[in-house]
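K.L.:
Have a peek at coords.txt (compact mmCIF, C-alpha atoms and all ligand atoms).
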# COMPACT_ATOMS: atom_id res chain seq x y z
CA MET A 1 169.03 -4.42 262.16
CA GLU A 2 172.34 -3.82 263.90
CA LEU A 3 174.49 -6.46 265.52
CA MET A 4 176.57 -5.21 268.42
CA LEU A 5 179.89 -6.98 268.11
CA GLY A 6 182.09 -5.12 270.53
CA ARG A 7 183.74 -1.83 271.41
CA ASP A 8 186.08 0.31 269.42
CA ILE A 9 189.43 0.18 271.21
CA ALA A 10 190.26 3.79 270.36
CA THR A 11 186.93 5.50 271.08
CA GLN A 12 185.32 2.96 273.47
CA LYS A 13 182.11 3.27 271.46
CA ASN A 14 179.99 0.22 270.70
CA THR A 15 180.65 -1.16 267.25
CA TYR A 16 177.81 -2.49 265.11
CA LEU A 17 177.48 -4.60 262.02
CA ASP A 18 174.60 -3.54 259.83
CA ALA A 19 172.65 -6.71 259.07
CA THR A 20 169.60 -5.09 257.48
CA GLY A 21 170.61 -6.46 254.10
CA SER A 22 172.47 -9.67 253.33
CA ARG A 23 176.18 -9.77 254.04
CA ALA A 24 179.14 -12.00 253.31
CA VAL A 25 181.47 -12.01 256.28
CA LEU A 26 184.98 -13.39 256.69
CA VAL A 27 186.11 -14.15 260.25
CA CYS A 28 189.77 -15.08 260.42
CA GLY A 29 192.68 -15.31 262.84
CA LYS A 30 195.20 -17.87 263.98
CA ARG A 31 194.21 -20.82 266.14
CA GLY A 32 192.93 -19.73 269.54
CA SER A 33 192.52 -16.08 268.53
CA GLY A 34 188.75 -16.06 269.13
CA LYS A 35 187.06 -16.91 265.81
CA SER A 36 184.56 -19.46 267.11
CA TYR A 37 183.81 -17.24 270.09
CA THR A 38 183.09 -14.38 267.70
CA LEU A 39 180.82 -16.58 265.55
CA GLY A 40 178.87 -17.24 268.72
CA VAL A 41 178.54 -13.48 269.34
CA VAL A 42 177.17 -12.99 265.82
CA ILE A 43 174.59 -15.74 266.36
CA GLU A 44 173.57 -14.35 269.77
CA GLU A 45 173.07 -10.93 268.23
CA LEU A 46 171.07 -12.33 265.31
CA ILE A 47 168.71 -13.95 267.79
CA SER A 48 168.48 -10.89 270.03
CA VAL A 49 167.74 -8.38 267.28
CA GLY A 50 166.63 -10.53 264.37
CA THR A 51 163.57 -12.03 266.09
CA GLN A 52 161.35 -14.04 263.73
CA ASP A 53 162.85 -12.50 260.62
CA VAL A 54 166.10 -14.42 260.60
CA ILE A 55 167.13 -18.05 260.66
CA PRO A 56 170.61 -18.41 262.14
CA ILE A 57 172.41 -21.62 261.17
CA ILE A 58 175.84 -22.81 262.27
CA ILE A 59 177.70 -25.53 260.42
CA ASP A 60 179.70 -27.00 263.27
CA PRO A 61 182.66 -29.21 262.27
CA MET A 62 184.05 -29.32 265.82
CA GLY A 63 180.86 -30.16 267.70
CA ILE A 64 181.31 -27.19 270.08
CA TYR A 65 178.28 -24.96 269.67
CA HIS A 66 175.73 -26.99 271.65
CA THR A 67 177.10 -25.17 274.74
CA MET A 68 175.12 -22.12 273.58
CA ALA A 69 172.24 -23.67 275.53
CA LEU A 70 174.17 -22.84 278.73
CA ARG A 71 174.66 -19.48 280.45
CA ASN A 72 178.13 -17.97 280.49
CA ASP A 73 178.36 -17.53 284.23
CA LYS A 74 182.16 -17.42 284.14
CA GLN A 75 182.12 -13.95 282.61
CA SER A 76 179.16 -12.53 284.50
CA ASN A 77 181.20 -9.57 285.79
CA GLU A 78 182.33 -8.60 282.31
CA LEU A 79 178.82 -9.05 280.97
CA TYR A 80 177.53 -6.72 283.69
CA GLN A 81 180.01 -4.06 282.60
CA TRP A 82 178.64 -4.33 279.09
CA GLY A 83 175.06 -4.08 280.26
CA LEU A 84 174.43 -7.69 279.29
CA THR A 85 173.36 -10.75 281.23
CA ALA A 86 174.44 -14.37 281.04
CA GLN A 87 171.86 -16.31 279.09
CA GLY A 88 171.41 -19.71 277.49
CA PHE A 89 169.69 -19.87 274.11
CA ASN A 90 167.26 -22.34 272.57
CA VAL A 91 169.40 -24.80 270.67
CA ARG A 92 168.32 -27.19 267.94
CA LEU A 93 171.07 -29.69 267.29
CA LEU A 94 170.51 -31.15 263.86
CA VAL A 95 172.32 -34.44 263.53
CA PRO A 96 172.81 -35.84 260.03
CA GLY A 97 172.13 -39.56 260.45
CA ILE A 98 170.94 -41.46 263.49
CA PRO A 99 171.84 -39.64 266.74
CA GLU A 100 171.97 -42.91 268.74
CA GLU A 101 174.60 -44.25 266.33
CA LEU A 102 176.71 -41.11 266.35
CA TYR A 103 176.69 -40.30 270.09
CA ASP A 104 177.00 -42.26 273.30
CA LEU A 105 173.74 -42.55 275.14
CA ASP A 106 175.29 -40.61 278.08
CA ILE A 107 175.92 -37.66 275.82
CA LEU A 108 172.39 -37.70 274.45
CA ILE A 109 171.00 -37.78 278.00
CA GLU A 110 173.24 -34.88 279.04
CA LEU A 111 172.20 -32.85 275.98
CA GLN A 112 168.58 -33.46 276.87
CA ARG A 113 169.23 -32.40 280.48
CA ARG A 114 170.67 -29.15 279.17
CA GLY A 115 167.55 -28.54 277.12
CA VAL A 116 169.19 -29.12 273.75
CA GLU A 117 166.75 -30.43 271.19
CA VAL A 118 168.47 -33.24 269.24
CA ILE A 119 166.89 -33.82 265.85
CA PRO A 120 167.92 -36.27 263.12
CA LEU A 121 168.56 -34.29 259.97
CA ARG A 122 167.25 -35.75 256.73
CA LEU A 123 167.95 -34.24 253.34
CA ASN A 124 166.41 -34.53 249.91
CA ALA A 125 168.37 -36.66 247.47
CA SER A 126 166.98 -34.39 244.76
CA ASP A 127 168.80 -31.42 246.27
CA LEU A 128 172.16 -32.67 245.08
CA SER A 129 172.80 -31.81 241.43
CA PRO A 130 173.75 -34.45 238.82
CA ASP A 131 177.33 -33.15 239.00
CA GLY A 132 177.18 -33.27 242.78
CA TRP A 133 176.12 -36.91 242.74
CA CYS A 134 178.95 -37.79 240.39
CA ASP A 135 181.44 -35.92 242.58
CA LEU A 136 180.13 -37.63 245.68
CA PHE A 137 180.75 -41.02 244.09
CA ASP A 138 184.02 -39.94 242.54
CA ALA A 139 182.50 -40.86 239.18
CA ASN A 140 183.89 -39.14 236.10
CA ILE A 141 181.00 -37.82 234.00
CA ASN A 142 182.85 -38.94 230.86
CA GLU A 143 183.10 -42.54 231.96
CA PRO A 144 180.37 -45.23 232.00
CA MET A 145 179.53 -45.09 235.71
CA GLY A 146 179.37 -41.30 235.75
CA ILE A 147 177.35 -41.16 232.55
CA ALA A 148 174.75 -43.58 233.93
CA LEU A 149 174.52 -41.74 237.26
CA PHE A 150 174.29 -38.30 235.69
CA ARG A 151 171.54 -39.52 233.38
CA ALA A 152 169.54 -41.10 236.19
CA VAL A 153 169.73 -38.01 238.43
CA GLN A 154 168.91 -35.68 235.60
CA ASN A 155 165.90 -37.69 234.43
CA LEU A 156 164.46 -38.10 237.91
CA GLY A 157 165.06 -34.48 238.86
CA GLU A 158 163.48 -32.93 235.79
CA ASN A 159 161.15 -30.04 236.60
CA ARG A 160 162.50 -29.92 240.16
CA ASN A 161 160.89 -33.28 240.93
CA PHE A 162 161.56 -34.87 244.28
CA PHE A 163 163.17 -38.31 244.29
CA THR A 164 164.66 -40.70 246.82
CA VAL A 165 167.86 -42.73 246.76
CA GLY A 166 165.58 -45.75 246.37
CA ALA A 167 164.17 -44.27 243.17
CA LEU A 168 167.69 -43.59 241.98
CA ILE A 169 168.59 -47.23 242.57
CA LYS A 170 165.57 -48.37 240.53
CA ALA A 171 166.41 -45.99 237.71
CA VAL A 172 169.94 -47.35 237.51
CA GLN A 173 168.69 -50.94 237.60
CA ASN A 174 166.32 -50.20 234.72
CA ASP A 175 168.85 -48.27 232.65
CA LYS A 176 169.09 -50.24 229.40
CA ARG A 177 171.98 -48.24 228.01
CA ALA A 178 174.44 -48.81 230.88
CA LYS A 179 176.74 -51.84 231.12
CA ASP A 180 176.21 -54.33 233.93
CA THR A 181 179.66 -53.71 235.45
CA SER A 182 179.18 -49.98 235.77
CA LYS A 183 175.65 -50.51 237.07
CA GLU A 184 176.98 -52.89 239.70
CA ALA A 185 179.59 -50.41 240.93
CA LEU A 186 177.02 -47.65 241.01
CA LEU A 187 174.43 -49.72 242.87
CA ASN A 188 176.98 -50.58 245.56
CA ARG A 189 177.57 -46.93 246.22
CA LEU A 190 173.94 -45.96 246.13
CA GLU A 191 173.16 -48.69 248.64
CA ALA A 192 175.97 -47.40 250.86
CA ALA A 193 174.47 -43.91 250.58
CA GLN A 194 171.10 -45.30 251.63
CA ASN A 195 172.69 -46.69 254.78
CA TRP A 196 173.93 -43.26 255.86
CA HIS A 197 170.33 -42.47 256.84
CA LEU A 198 170.83 -38.97 255.53
CA PHE A 199 168.21 -38.86 252.83
CA SER A 200 164.46 -38.73 253.10
CA GLU A 201 162.92 -41.96 251.84
CA GLU A 202 159.37 -40.68 251.86
CA GLU A 203 158.63 -37.14 250.89
CA TYR A 204 160.20 -33.81 250.14
CA LEU A 205 161.36 -32.14 253.34
CA PRO A 206 160.96 -28.39 253.08
CA MET A 207 163.65 -26.29 254.72
CA ASP A 208 161.16 -24.33 256.80
CA ASN A 209 160.47 -27.53 258.74
CA ILE A 210 164.15 -28.08 259.39
CA PHE A 211 165.46 -24.63 260.26
CA ILE A 212 163.58 -22.39 262.67
CA PRO A 213 163.94 -18.63 263.14
CA SER A 214 165.19 -16.97 266.34
CA LEU A 215 166.95 -19.98 267.80
CA VAL A 216 170.36 -21.56 267.33
CA ASN A 217 170.16 -24.09 264.49
CA ILE A 218 173.32 -26.16 264.69
CA VAL A 219 174.19 -28.68 262.01
CA ASP A 220 176.61 -30.94 263.84
CA VAL A 221 178.87 -32.47 261.22
CA SER A 222 181.64 -33.25 263.71
CA ARG A 223 180.89 -36.96 263.76
CA LEU A 224 181.20 -37.32 260.01
CA GLU A 225 184.29 -37.52 257.84
CA SER A 226 185.56 -34.31 256.31
CA GLY A 227 187.41 -34.23 253.02
CA ALA A 228 186.33 -32.51 249.84
CA TYR A 229 184.04 -35.41 248.90
CA GLY A 230 183.12 -36.54 252.37
CA ARG A 231 179.74 -36.46 254.06
CA ARG A 232 180.35 -33.10 255.73
CA ASN A 233 180.71 -31.48 252.38
CA LEU A 234 177.73 -33.41 251.05
CA ILE A 235 175.52 -32.05 253.79
CA VAL A 236 176.59 -28.44 253.33
CA SER A 237 176.14 -28.74 249.59
CA VAL A 238 172.59 -30.07 249.87
CA ILE A 239 171.54 -27.58 252.54
CA ALA A 240 172.99 -24.63 250.64
CA ARG A 241 171.27 -25.64 247.42
CA ASN A 242 167.92 -26.24 249.07
CA LEU A 243 168.02 -22.98 251.01
CA PHE A 244 168.98 -21.03 247.91
CA ARG A 245 165.95 -22.40 246.10
CA ALA A 246 163.58 -21.94 249.00
CA ARG A 247 164.71 -18.37 249.59
CA SER A 248 164.50 -17.50 245.89
CA ASP A 249 160.89 -18.72 245.92
CA ALA A 250 160.16 -16.79 249.12
CA ARG A 251 161.74 -13.63 247.71
CA LEU A 252 159.51 -13.80 244.66
CA ARG A 253 156.44 -14.11 246.87
CA GLU A 254 157.64 -11.15 248.95
CA GLU A 255 157.95 -9.08 245.80
CA PHE A 256 154.28 -9.74 245.10
CA GLY A 257 153.43 -8.64 248.62
CA LEU A 258 152.76 -12.22 249.72
CA ALA A 259 154.23 -13.77 252.84
CA GLY A 260 157.35 -15.79 252.10
CA LYS A 261 157.49 -19.25 253.57
CA LEU A 262 161.08 -18.98 254.74
CA PRO A 263 162.63 -16.00 256.55
CA ARG A 264 166.08 -14.68 255.62
CA VAL A 265 168.98 -16.94 256.47
CA TRP A 266 172.36 -16.32 258.06
CA MET A 267 174.59 -19.36 257.72
CA ALA A 268 177.90 -19.48 259.59
CA LEU A 269 180.55 -22.02 258.66
CA ASP A 270 183.31 -22.66 261.16
CA GLU A 271 186.53 -24.15 259.75
CA ALA A 272 185.31 -23.00 256.35
CA HIS A 273 188.48 -24.03 254.47
CA GLN A 274 187.03 -27.56 254.64
CA PHE A 275 184.14 -26.48 252.45
CA ILE A 276 185.57 -23.80 250.17
CA PRO A 277 189.18 -24.88 249.61
CA ASP A 278 191.37 -22.73 247.42
CA SER A 279 192.25 -24.10 243.96
CA THR A 280 190.70 -27.55 244.47
CA ARG A 281 187.14 -28.72 244.15
CA SER A 282 184.77 -29.85 246.88
CA LEU A 283 181.15 -30.93 246.99
CA ALA A 284 179.93 -27.80 248.73
CA LYS A 285 182.07 -25.26 246.91
CA PRO A 286 179.89 -24.48 243.88
CA GLN A 287 176.87 -23.86 246.13
CA LEU A 288 178.81 -21.68 248.56
CA ILE A 289 180.33 -19.61 245.78
CA ARG A 290 176.80 -19.07 244.52
CA TRP A 291 175.70 -17.94 248.00
CA ALA A 292 178.57 -15.49 248.23
CA LYS A 293 178.00 -14.12 244.72
CA GLU A 294 174.24 -14.22 244.28
CA GLY A 295 172.89 -14.70 247.79
CA ARG A 296 172.15 -11.05 248.50
CA GLN A 297 169.04 -10.82 246.38
CA PRO A 298 167.30 -13.86 247.94
CA GLY A 299 168.36 -12.77 251.44
CA LEU A 300 171.11 -15.26 252.16
CA SER A 301 174.01 -14.17 254.33
CA LEU A 302 177.18 -16.16 254.75
CA VAL A 303 179.75 -16.04 257.53
CA VAL A 304 182.93 -18.03 256.96
CA ALA A 305 185.50 -18.55 259.70
CA THR A 306 188.98 -19.90 259.16
CA GLN A 307 192.48 -19.81 260.59
CA GLN A 308 193.80 -19.97 257.06
CA PRO A 309 192.43 -17.30 254.73
CA SER A 310 195.09 -18.37 252.22
CA ALA A 311 193.41 -21.79 252.05
CA ILE A 312 190.01 -20.35 251.16
CA ASP A 313 188.67 -19.97 247.66
CA ALA A 314 189.73 -16.57 246.31
CA GLU A 315 186.34 -15.93 244.70
CA VAL A 316 184.54 -16.25 248.02
CA LEU A 317 187.16 -14.11 249.77
CA SER A 318 186.74 -11.35 247.22
CA GLN A 319 182.94 -11.41 247.76
CA CYS A 320 183.21 -10.81 251.52
CA ASP A 321 182.05 -7.29 252.29
CA ILE A 322 182.96 -7.56 255.95
CA ILE A 323 186.23 -8.79 257.36
CA LEU A 324 186.64 -9.50 261.02
CA SER A 325 190.25 -10.45 261.51
CA HIS A 326 191.73 -11.58 264.77
CA LYS A 327 195.45 -11.91 265.21
CA LEU A 328 197.13 -13.60 262.25
CA THR A 329 200.79 -14.54 262.08
CA SER A 330 201.45 -16.87 259.14
CA ARG A 331 202.90 -14.88 256.27
CA ASP A 332 200.76 -16.58 253.62
CA ASP A 333 197.59 -15.83 255.53
CA VAL A 334 198.50 -12.23 256.24
CA MET A 335 199.25 -11.76 252.54
CA ALA A 336 196.00 -13.42 251.44
CA LEU A 337 194.12 -10.97 253.61
CA ASN A 338 196.28 -8.04 252.62
CA ARG A 339 195.15 -8.57 249.02
CA LEU A 340 191.72 -7.43 250.18
CA SER A 341 193.08 -4.01 251.17
CA GLN A 342 191.10 -1.05 249.84
CA ASP A 343 191.93 2.61 249.32
CA TYR A 344 189.67 3.81 252.12
CA MET A 345 191.69 1.86 254.70
CA GLY A 346 194.40 4.48 254.69
CA GLY A 347 197.03 1.78 254.76
CA GLU A 348 197.55 -1.87 254.10
CA LEU A 349 195.52 -4.39 256.03
CA ARG A 350 198.62 -6.25 257.16
CA ALA A 351 199.85 -3.20 259.07
CA ILE A 352 196.51 -2.84 260.86
CA ILE A 353 196.36 -6.54 261.74
CA GLY A 354 199.91 -6.34 263.05
CA GLU A 355 198.65 -4.04 265.80
CA LEU A 356 196.30 -6.61 267.31
CA LYS A 357 197.47 -7.85 270.67
CA ARG A 358 195.00 -9.90 272.67
CA THR A 359 192.56 -12.73 272.18
CA GLY A 360 189.18 -11.24 271.44
CA GLN A 361 190.57 -8.20 269.66
CA ALA A 362 189.78 -7.87 266.00
CA VAL A 363 189.98 -5.55 263.05
CA LEU A 364 186.60 -4.86 261.49
CA VAL A 365 186.60 -3.84 257.85
CA ASP A 366 183.21 -2.89 256.46
CA ASP A 367 183.10 -2.35 252.70
CA GLU A 368 179.59 -0.93 252.80
CA GLN A 369 180.53 1.77 255.30
CA GLU A 370 184.07 2.01 253.95
CA SER A 371 185.30 1.89 257.51
CA VAL A 372 188.05 0.19 259.46
CA SER A 373 188.14 -0.10 263.23
CA MET A 374 189.88 -2.10 265.88
CA LEU A 375 187.60 -3.58 268.46
CA GLN A 376 187.32 -5.74 271.52
CA ILE A 377 184.68 -8.37 270.86
CA ARG A 378 181.94 -8.31 273.50
CA PRO A 379 181.67 -11.14 276.04
CA ARG A 380 179.42 -14.05 275.21
CA GLN A 381 176.09 -14.44 276.98
CA SER A 382 176.10 -18.17 276.39
CA GLN A 383 178.89 -20.59 277.10
CA HIS A 384 181.67 -20.93 274.56
CA GLY A 385 182.58 -24.53 273.80
CA GLY A 386 185.68 -26.24 272.63
CA GLY A 387 188.85 -24.27 273.09
CA THR A 388 191.68 -26.10 271.40
CA LYS A 389 190.23 -29.53 270.84
CA ALA A 390 191.87 -31.28 267.89
CA SER A 391 189.68 -32.54 265.09
CA VAL A 392 189.01 -36.24 265.57
CA ILE A 393 188.61 -37.12 261.97
CA ASP A 394 191.09 -37.08 259.12
CA GLU A 395 190.94 -33.92 257.01
CA ASP A 396 191.54 -35.61 253.68
CA TYR A 397 189.23 -38.52 254.10
CA ASP A 398 187.49 -39.53 250.91
CA LEU A 399 184.56 -41.91 251.15
CA TRP A 400 185.48 -43.93 248.10
CA LYS A 401 189.27 -44.15 248.31
N1 LIG A 501 186.18 -11.99 272.93
C1 LIG A 501 186.66 -12.86 273.82
N2 LIG A 501 186.58 -12.58 275.15
C2 LIG A 501 187.05 -13.44 276.07
N3 LIG A 501 187.60 -14.64 275.77
C3 LIG A 501 187.72 -14.98 274.50
C4 LIG A 501 187.26 -14.11 273.45
N4 LIG A 501 187.48 -14.71 272.29
C5 LIG A 501 188.05 -15.89 272.58
N5 LIG A 501 188.20 -16.07 273.89
C6 LIG A 501 188.79 -17.26 274.55
O1 LIG A 501 189.93 -17.69 273.80
C7 LIG A 501 189.91 -19.10 273.58
C8 LIG A 501 190.02 -19.43 272.08
O2 LIG A 501 188.89 -18.92 271.41
P1 LIG A 501 188.25 -19.65 270.15
O3 LIG A 501 187.15 -18.79 269.66
O4 LIG A 501 187.88 -21.05 270.48
O5 LIG A 501 189.47 -19.64 269.13
P2 LIG A 501 189.56 -20.04 267.59
O6 LIG A 501 188.22 -20.44 267.13
O7 LIG A 501 190.07 -18.83 266.90
O8 LIG A 501 190.55 -21.16 267.52
C9 LIG A 501 188.64 -19.63 274.21
O9 LIG A 501 188.96 -20.33 275.38
C10 LIG A 501 187.80 -18.41 274.52
O10 LIG A 501 187.12 -18.56 275.73
MG MG A 502 187.53 -22.26 266.39
Is it possible to give me this structure as structure tokens?
Ligand SMILES: Nc1ncnc2c1ncn2[C@@H]1O[C@H](COP(=O)(O)OP(=O)(O)O)[C@@H](O)[C@H]1O
Ligand SMILES: [Mg+2]

P.N.:
Amino acid sequence: MELMLGRDIATQKNTYLDATGSRAVLVCGKRGSGKSYTLGVVIEELISVGTQDVIPIIIDPMGIYHTMALRNDKQSNELYQWGLTAQGFNVRLLVPGIPEELYDLDILIELQRRGVEVIPLRLNASDLSPDGWCDLFDANINEPMGIALFRAVQNLGENRNFFTVGALIKAVQNDKRAKDTSKEALLNRLEAAQNWHLFSEEEYLPMDNIFIPSLVNIVDVSRLESGAYGRRNLIVSVIARNLFRARSDARLREEFGLAGKLPRVWMALDEAHQFIPDSTRSLAKPQLIRWAKEGRQPGLSLVVATQQPSAIDAEVLSQCDIILSHKLTSRDDVMALNRLSQDYMGGELRAIIGELKRTGQAVLVDDEQESVSMLQIRPRQSQHGGGTKASVIDEDYDLWK
């Protein structure tokens, strides 16, 4: 399975990314250098060549990828030169919460007119670990509130049992060991969490009902607060954990020659520094590190895009076996990337990146092939959204502060 990303600037040959196995990909470059556009190319290719065998997912913190439902008529001449045609894709816009509360009605009507399927995304409360729950509530696991919460989540989740936030509330109410004051504080937060309308209150929701192969699965987190312990991070954490489990189960079945329930997954995170910050913790970080380190076996690929490679967790960076770097100028970021230089490059990465000139040009480093090339990314078949829209919501927002 080969993804055609663009053309080698020196040889004019098409350049491919081998996606037969699982990969961990870093897409970087300064603001406006073409990262989100390139993510879109990767997703288009996954759908074109991956067919039913791959689930492409985009975590969309800017709310820009729904335009993939539209054809890119603006670049139809360029597309023709590449032997491609403008094309809209089937888009599933998964909205964590209640769509009518998060979007104006006009927007929902317009999305529907464009053929975008808008679906409320519900998660399983049991897919957040005891630590994750404590982090979400900013509860120290050595203090009364944290101890009570950790205990409740652990007891309910024993043997991978499903539970709801409602069940968690009951467990805390019935906890004889916890003090009333810490119970009170905890119950307030759990009730707030219930009002997010993010968690299933009925039954376990398997991932193969949520994410569908061969179409664009967008998790639109743009309407939610960011921040290391905000809802955006919560959602990514829960999805990553659930998918890891589901794919590990599917992989085991595949090894016995049985059909797996869930195809392989490629998950792309735009603005990834929000989820895997360097040196500090975040709700999603432990799960994403696990994906990067252990995801290959269960068939989980990760694509992280950022304008600030220096702000991304070093462990994840070092796990990336493909780097696609657009133009980078900040010294810290160039140096962070340069640390990933390898002998086969025949020079330091920073020198190669320094040669990039235009938007849409990128250096492709492939550790598997031990190759480095400079390429022009191919034009998009579907419309690129966004441009330079500023993020609406505060980066450092914390739900409980
Ligand atoms: N390969 C490309 N070919 C043509 N235009 C591109 C290409 N990559 C990016 N652009 C244009 O450059 C602008 C910025 O791209 P974008 O991907 O949004 O930047 P970033 O995500 O790095 O901030 C967009 O308006 C987009 O249309
Ligand atoms: Mg972008």

K.L.:
Can you list, as a ChimeraX atom specification, every protein, DNA or RNA residue that comes within 8 Å of stretch 87-100 of chain A when you count all atoms listed in the file, leaving out same-chain residues fewer than 2 positions away?

P.N.:
/A:66,68-72,85,102-105,108,115-122,196-198,215-221,235,381-383

K.L.:
Residues of chain A within 7 Å of ligand LIG 501 (chain A): nearest atom pair and distance (Å, one decimal) for each, counting all atoms listed in the file, sorted by chain and number, as a tab-separated table?

P.N.:
residue	atom	partner	partner_atom	distance
A:Gly29	CA	A:LIG501	O7	6.0
A:Lys30	CA	A:LIG501	O7	6.0
A:Arg31	CA	A:LIG501	O8	3.9
A:Gly32	CA	A:LIG501	O8	3.4
A:Ser33	CA	A:LIG501	O7	4.0
A:Gly34	CA	A:LIG501	O3	3.2
A:Lys35	CA	A:LIG501	O7	3.7
A:Ser36	CA	A:LIG501	O3	3.7
A:Tyr37	CA	A:LIG501	O3	3.7
A:Thr38	CA	A:LIG501	O3	6.3
A:Gln307	CA	A:LIG501	O7	6.8
A:Thr359	CA	A:LIG501	N4	5.5
A:Gly360	CA	A:LIG501	N1	3.4
A:Gln361	CA	A:LIG501	N1	6.7
A:Gln376	CA	A:LIG501	N1	6.5
A:Ile377	CA	A:LIG501	N1	4.4
A:Arg378	CA	A:LIG501	N1	5.6
A:Pro379	CA	A:LIG501	N2	5.2
A:His384	CA	A:LIG501	O10	6.1
A:Gly386	CA	A:LIG501	O4	6.0
A:Gly387	CA	A:LIG501	O4	4.3
A:Thr388	CA	A:LIG501	O8	6.4

K.L.:
Tell me which of A:Pro213, A:Gly50, A:Gly83, A:Pro130 sits closest to A:Asp18, counting all atoms listed in the file.

P.N.:
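Nearest to A:Asp18: A:Gly50.
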
K.L.:
Provide an axis-aligned box for all listed atoms of stretch 248-261 of chain A, padding each side by 3 Å; report its centre and its edge lengths in Å to one decimal, as lines of an AutoDock Vina configuration file.

P.N.:
center_x = 158.6
center_y = -13.9
center_z = 249.1
size_x = 17.7
size_y = 16.6
size_z = 14.9

K.L.:
Find the residue from A:Ala250, A:Val49, A:Ala305, A:Val172 that sits nearest to ligand MG 502 (chain A); use only C-alpha atoms and all ligand atoms when measuring.

P.N.:
A:Ala305

K.L.:
What is the distance between atom CA of A:Arg247 and atom CA of A:Gly299, in Å to one decimal?

P.N.:
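That distance, rounded to one decimal, is 6.9 Å.
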
K.L.:
Do you have the atom CA of A:Gln369-atom CA of A:Asp321 distance handy?

P.N.:
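Between atom CA of A:Gln369 and atom CA of A:Asp321 the gap is 9.7 Å.
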
K.L.:
With only C-alpha atoms and all ligand atoms as the atoms that count, which of A:Leu337, A:Ala193, A:Leu269, A:Ala171 lies nearest to ligand MG 502 (chain A)?

P.N.:
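Of all the options, A:Leu269 lies closest to ligand MG 502 (chain A).
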
K.L.:
Quick one: everything within 12 Å of A:Gly146, counting all atoms listed in the file, minus sequence neighbours fewer than 2 positions away in the same chain. Send it as a PyMOL selection string.

P.N.:
chain A and resi 130-144+148-154+172+178-179+182-183+185-186

K.L.:
Compare A:Arg113, A:Phe163, A:Ile59, A:Cys320 by their minimum atom-to-atom distance to ligand MG 502 (chain A), counting all atoms listed in the file, and give me the closest one.

P.N.:
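Residue with the minimum atom-to-atom distance to ligand MG 502 (chain A): A:Ile59.
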
K.L.:
May I ask for the distance between atom CA of A:Met335 and atom CA of A:Pro309, given in Å to one decimal place?

P.N.:
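We find that atom CA of A:Met335 and atom CA of A:Pro309 lie 9.1 Å from each other.
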
K.L.:
What's around A:Ser371 at 10 Å? Count only C-alpha atoms, leave out sequence neighbours fewer than 4 positions away in its own chain, and write the answer as a list in words.

P.N.:
Ile322, Tyr344, Met345, Gly346, Leu364, Val365, Asp366 and Asp367 of chain A

K.L.:
Taking only C-alpha atoms into account, which of A:Leu128, A:Val316, A:Leu224, A:Leu3 comes nearest A:Arg160?

P.N.:
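Looking at the shortest contact to A:Arg160, the residue is A:Leu128.
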
K.L.:
Using all atoms listed in the file, which of the listed residues (A:Arg251, A:Cys28, A:Pro206, A:Leu187) sits closest to A:Thr329?

P.N.:
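Ranked by minimum distance to A:Thr329, first place goes to A:Cys28.
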
K.L.:
Since the input has fewer atoms than a full residue there, write stretch 220-229 of chain A out with N, CA and C atoms, as a PDB file, in the coordinates of the input.

P.N.:
ATOM      1  N   ASP A 220     175.406 -30.346 263.261  1.00  0.00           N
ATOM      2  CA  ASP A 220     176.610 -30.940 263.840  1.00  0.00           C
ATOM      3  C   ASP A 220     177.201 -31.958 262.871  1.00  0.00           C
ATOM      4  N   VAL A 221     178.243 -31.539 262.174  1.00  0.00           N
ATOM      5  CA  VAL A 221     178.870 -32.470 261.220  1.00  0.00           C
ATOM      6  C   VAL A 221     180.150 -33.075 261.798  1.00  0.00           C
ATOM      7  N   SER A 222     180.370 -32.844 263.099  1.00  0.00           N
ATOM      8  CA  SER A 222     181.640 -33.250 263.710  1.00  0.00           C
ATOM      9  C   SER A 222     181.840 -34.759 263.729  1.00  0.00           C
ATOM     10  N   ARG A 223     180.747 -35.513 263.687  1.00  0.00           N
ATOM     11  CA  ARG A 223     180.890 -36.960 263.760  1.00  0.00           C
ATOM     12  C   ARG A 223     181.056 -37.603 262.392  1.00  0.00           C
ATOM     13  N   LEU A 224     181.090 -36.781 261.373  1.00  0.00           N
ATOM     14  CA  LEU A 224     181.200 -37.320 260.010  1.00  0.00           C
ATOM     15  C   LEU A 224     182.568 -36.977 259.427  1.00  0.00           C
ATOM     16  N   GLU A 225     182.990 -37.768 258.423  1.00  0.00           N
ATOM     17  CA  GLU A 225     184.290 -37.520 257.840  1.00  0.00           C
ATOM     18  C   GLU A 225     184.282 -36.209 257.041  1.00  0.00           C
ATOM     19  N   SER A 226     185.437 -35.529 257.106  1.00  0.00           N
ATOM     20  CA  SER A 226     185.560 -34.310 256.310  1.00  0.00           C
ATOM     21  C   SER A 226     186.100 -34.707 254.942  1.00  0.00           C
ATOM     22  N   GLY A 227     186.937 -33.909 254.361  1.00  0.00           N
ATOM     23  CA  GLY A 227     187.410 -34.230 253.020  1.00  0.00           C
ATOM     24  C   GLY A 227     186.491 -33.617 251.992  1.00  0.00           C
ATOM     25  N   ALA A 228     187.063 -33.251 250.862  1.00  0.00           N
ATOM     26  CA  ALA A 228     186.330 -32.510 249.840  1.00  0.00           C
ATOM     27  C   ALA A 228     185.098 -33.265 249.345  1.00  0.00           C
ATOM     28  N   TYR A 229     185.176 -34.626 249.364  1.00  0.00           N
ATOM     29  CA  TYR A 229     184.040 -35.410 248.900  1.00  0.00           C
ATOM     30  C   TYR A 229     183.447 -36.262 250.008  1.00  0.00           C
TER      31      TYR A 229
END
